Amino acid sequence: MPRDPLRPTTHSLRRLHRIALLLATAGAAGLAGCGGGPQSRPSEGPANAPSNPAAEAGSPQARDAVVAPSTLPGYDRKGQNPTEGWNDPRWLDTAPVILISFDGFRWDYVERYRPPAFLRIASEGVMATNGSMPPFPSKTFPSHFSMATGLWAENHELAGNTFWDPERREMYRVRDRDKVEDGSWYGGEPIWVTAESQGMVAASYFFVGSEADVGGVRPSYWYAYDGSVTGEEKVDRVLEWVRMPPETRPRMITLYFPNTDDAGHGYGPDSPEIEAAIEAVDGYLQRLLDGLDAIEGGEEVTVVLVSDHGMYEQPVELSHPVDVSGMEGVMIIEAGPYGAFAVDGDAARRREVRDAIAVQLPESIPVYLREEVPEELHYSATRKVGDIIAVPPLGTTLRRTTQSFAAGWNPSPFNHGWDPRSPEMHGIFLARGPRLRPGGRLDRVRHVDIYPLMAEILGLDPAPVDGSLSTWDPVLVPAGGGR
Ligand code: AMP
Ligand code: ZN
Ligand code: ZN
C-alpha cells in the first residue's frame, strides 16, 4: 500500500510549518503528499491535554507547528467538546468517517435518476437496494437523530419536528433556536458525542442535534443551521478538516444538504425540479470526492450517504379535518401525515378523547392511545410522543379545522411523516471505505443500524442502541483485513 498521509509518519518540521501557515491563512489549501506526523499541542493548550510521544520528546519548533483548533472556523468556543480539538494519540491512525445526509432523498432516486457521484459510491462500496427505513414519524428531526444515535424516536426522545413535553409543559419546534440548541431536549448519545467522549475530535457542518450540548457535549466544530450556506462552502470546509494534521483532524464528520427535500415538497419525486436538485447535490458530492481523490490516502476515508425519509403525494381530497375545540384540556400537537394530541386528564379521559377523535375520522385512520401504538412503530416509551396518536395510511392526512382553503391554507402537495414501513418513506444508504466490501449489496437497512456501523468503523466503544451491527455482516470487511 502507498504511504498514507492520513496516517502519522515522520516528516520535516519545515513542512509542518507550511501546513500551519496554510491552515491559519487560506485554510488548508492542500495536504496532498504531506505526511502528518505525531505532534504536540501548542504550549498554551489545556493542562489535561492527552500525552503525546513527540511532545514528550520536546521540540520547541514542533510545539508551534499545529494551529490551535480554537482559532479555526466553526470551533465550539463554549468549551463543551471534551477533546478541545485534540485527538487522543490512540486515534492518530484512524481514517475519518464522513456522514452526509441529503434531506428527503427517496430510496429510488439513485436508480431512477442515476446521479454519477452516487453511482460511484455504489460501485466502490455498499448500497441498500431498497433503502433505509426511518423511525416513526418519518420527519427530519426524529429521522436524523435515529441515524445519529441508533435509537428509535421513543428512546432518543426527539419525538417529532414538533412535540409537547408534558412535564415541562413546553413545545419543541425546529424553528425555535433556543430549544434546538438546548441539549436537555435530546436523549441518547449521538455518534459525535461518543467520539468526543472517547477523545476523538468530531466536526459537523450541520446535522440534527449537532448544535446542542447533548449530555453536555458538542462536537469540536459545529454551525448553527443556516439554509443559505452553499453546498460548495460546506464541502470545502469538510475537505479542510480532512486535510488537518493528524493531531487535530476530525475523525467523525457530518454534512447536510436540504435541496432534495425542498424540491420534493414543492414538485414531487417525478419532477424536473427534483431532477435538478439531485444534479446539484450530486455536484457537491463530486466536489467532495474530487477533493478526497487529491489527498494521498483519501481513499481511506469512509463516505456514508444517507437520507432521513422519502416523499409522497398528499392530495387534498385525502385530508381529513379534526376538531378538538370543544374538548377541554386537549391540544393538537401535529396534524398531517400523522396526528398527535396531548390530553390533560386521567386514563378514562384519554380513552374518551381517543374515541371522540376517532369518530371524526374515516376508519382507515386508526387512532391509538400512546400505549396502544403498534410495537413495530416504536412510539410508546416516552410521554413526549403525545397521549393519542393517529396513523393514517400513505397519502392520507389530518388537518386542523382552522386550516381551510377559504382562509388561504395552501399545503405542499407532497410530504412525508407517514408509517415508515411504507417503501415511499424510505431514504438511501450507500457507503464506501476500507471496511466496506466493494459492490456489497443489502436489501433494506434501518436508520437505527447506522450508528453501530459508524462506531465499528471508527473503533469507538458504542453506546447501547436499538439498532444492530449484525445488519452489516454481509458487507463488512473484518478490521485489519483486506478486501
Ligand atoms: P422536513 O420537512 O421534516 O424534511 O424538514 C426539512 C427542513 O428542516 C429543512 O428544509 C431545513 O429548513 C430544516 N432543518 C434541517 N436541519 C436543521 C437544523 N439542524 N436546524 C434547524 N432546521 C433544520
Ligand atoms: Zn427531512
Ligand atoms: Zn421535508
# chains A, B, ... in the order shown; residues from 1 in each chain; ligands from 1
>>> residues_near_ligand(ligand="ligand 1", cutoff="8 Å", atoms="only C-alpha atoms and all ligand atoms", output="ChimeraX atom specification")
/A:103-104,138-141,161,174-175,177,180,206-211,224-227,256,258-259,261-262,265,308-309,415-417
>>> select_by_dssp(residues="stretch 201-368 of chain A", states="strand (DSSP E)", output="number ranges by chain")
A: 202-205, 252-257, 302-306, 312-313, 319-322, 330-335, 339-343, 367-368
>>> residues_around(residues="A:Ser468", least_positions_apart="5", cutoff="8 Å", atoms="only C-alpha atoms", output="ChimeraX atom specification")
/A:448-449,452
>>> write_last_selection(atoms="all heavy atoms", output="short mmCIF file (atom, residue, chain, number, x, y, z; two decimals), in the first residue's frame")
data_model
loop_
_atom_site.label_atom_id
_atom_site.label_comp_id
_atom_site.auth_asym_id
_atom_site.auth_seq_id
_atom_site.Cartn_x
_atom_site.Cartn_y
_atom_site.Cartn_z
N VAL A 448 -31.67 3.02 12.49
CA VAL A 448 -31.07 2.73 13.80
C VAL A 448 -29.83 1.84 13.70
O VAL A 448 -29.09 1.69 14.67
CB VAL A 448 -32.09 2.08 14.78
CG1 VAL A 448 -33.19 3.07 15.16
CG2 VAL A 448 -32.69 0.80 14.19
N ASP A 449 -29.60 1.26 12.51
CA ASP A 449 -28.41 0.42 12.33
C ASP A 449 -27.17 1.23 11.95
O ASP A 449 -26.05 0.68 11.90
CB ASP A 449 -28.66 -0.63 11.22
CG ASP A 449 -29.79 -1.58 11.58
OD1 ASP A 449 -29.92 -1.92 12.78
OD2 ASP A 449 -30.53 -1.99 10.66
N PRO A 452 -24.35 1.98 14.94
CA PRO A 452 -23.39 0.90 15.25
C PRO A 452 -22.36 0.67 14.15
O PRO A 452 -21.21 0.34 14.45
CB PRO A 452 -24.26 -0.35 15.45
CG PRO A 452 -25.67 0.05 15.24
CD PRO A 452 -25.74 1.53 15.05
#
>>> residues_around(residues="A:Gln360", least_positions_apart="3", cutoff="12 Å", atoms="only C-alpha atoms", output="ChimeraX atom specification")
/A:320-324,353-357,363-367,390,398-401
>>> residues_around(residues="A:Thr129", least_positions_apart="6", cutoff="8 Å", atoms="only C-alpha atoms", output="MDAnalysis selection string")
chainID A and resid 107 441:444
>>> closest_residue(among="A:Tyr284, A:Tyr113, A:Trp185, A:Tyr368", to="A:Asp236", atoms="only C-alpha atoms")
A:Tyr284
>>> residues_around(residues="A:Ile121", least_positions_apart="3", cutoff="8 Å", atoms="only C-alpha atoms", output="PyMOL selection string")
chain A and resi 117-118+124-126+430-432
>>> closest_residue(among="A:Ala148, A:Ala280, A:Val330, A:Ile274", to="A:Arg112", atoms="only C-alpha atoms")
A:Ile274
>>> residues_around(residues="stretch 457-465 of chain A", least_positions_apart="3", cutoff="6 Å", atoms="only C-alpha atoms", output="PyMOL selection string")
chain A and resi 150-151+454
>>> closest_residue(among="A:Pro393, A:Gly439, A:Gly329, A:Pro190", to="A:Pro474", atoms="only C-alpha atoms")
A:Gly439
>>> atom_distance(atom1="atom CA of A:Glu375", atom2="atom CA of A:Ala153")
12.6 Å
>>> atom_distance(atom1="atom CA of A:Gly187", atom2="atom CA of A:Thr149")
8.7 Å
>>> closest_residue(among="A:Gly160, A:Gly395, A:Gly440, A:Pro166", to="ligand 2", atoms="only C-alpha atoms and all ligand atoms")
A:Gly160
>>> select_by_dssp(residues="stretch 197-377 of chain A", states="alpha helix (DSSP H)", output="PyMOL selection string")
chain A and resi 197+231-243+259-267+272-293+347-358
>>> closest_residue(among="A:Leu285, A:Trp152, A:Glu279, A:Gly266", to="A:Arg120", atoms="only C-alpha atoms")
A:Leu285
>>> closest_residue(among="A:Pro423, A:Gly268, A:Pro115, A:Pro134", to="ligand 2", atoms="only C-alpha atoms and all ligand atoms")
A:Pro134
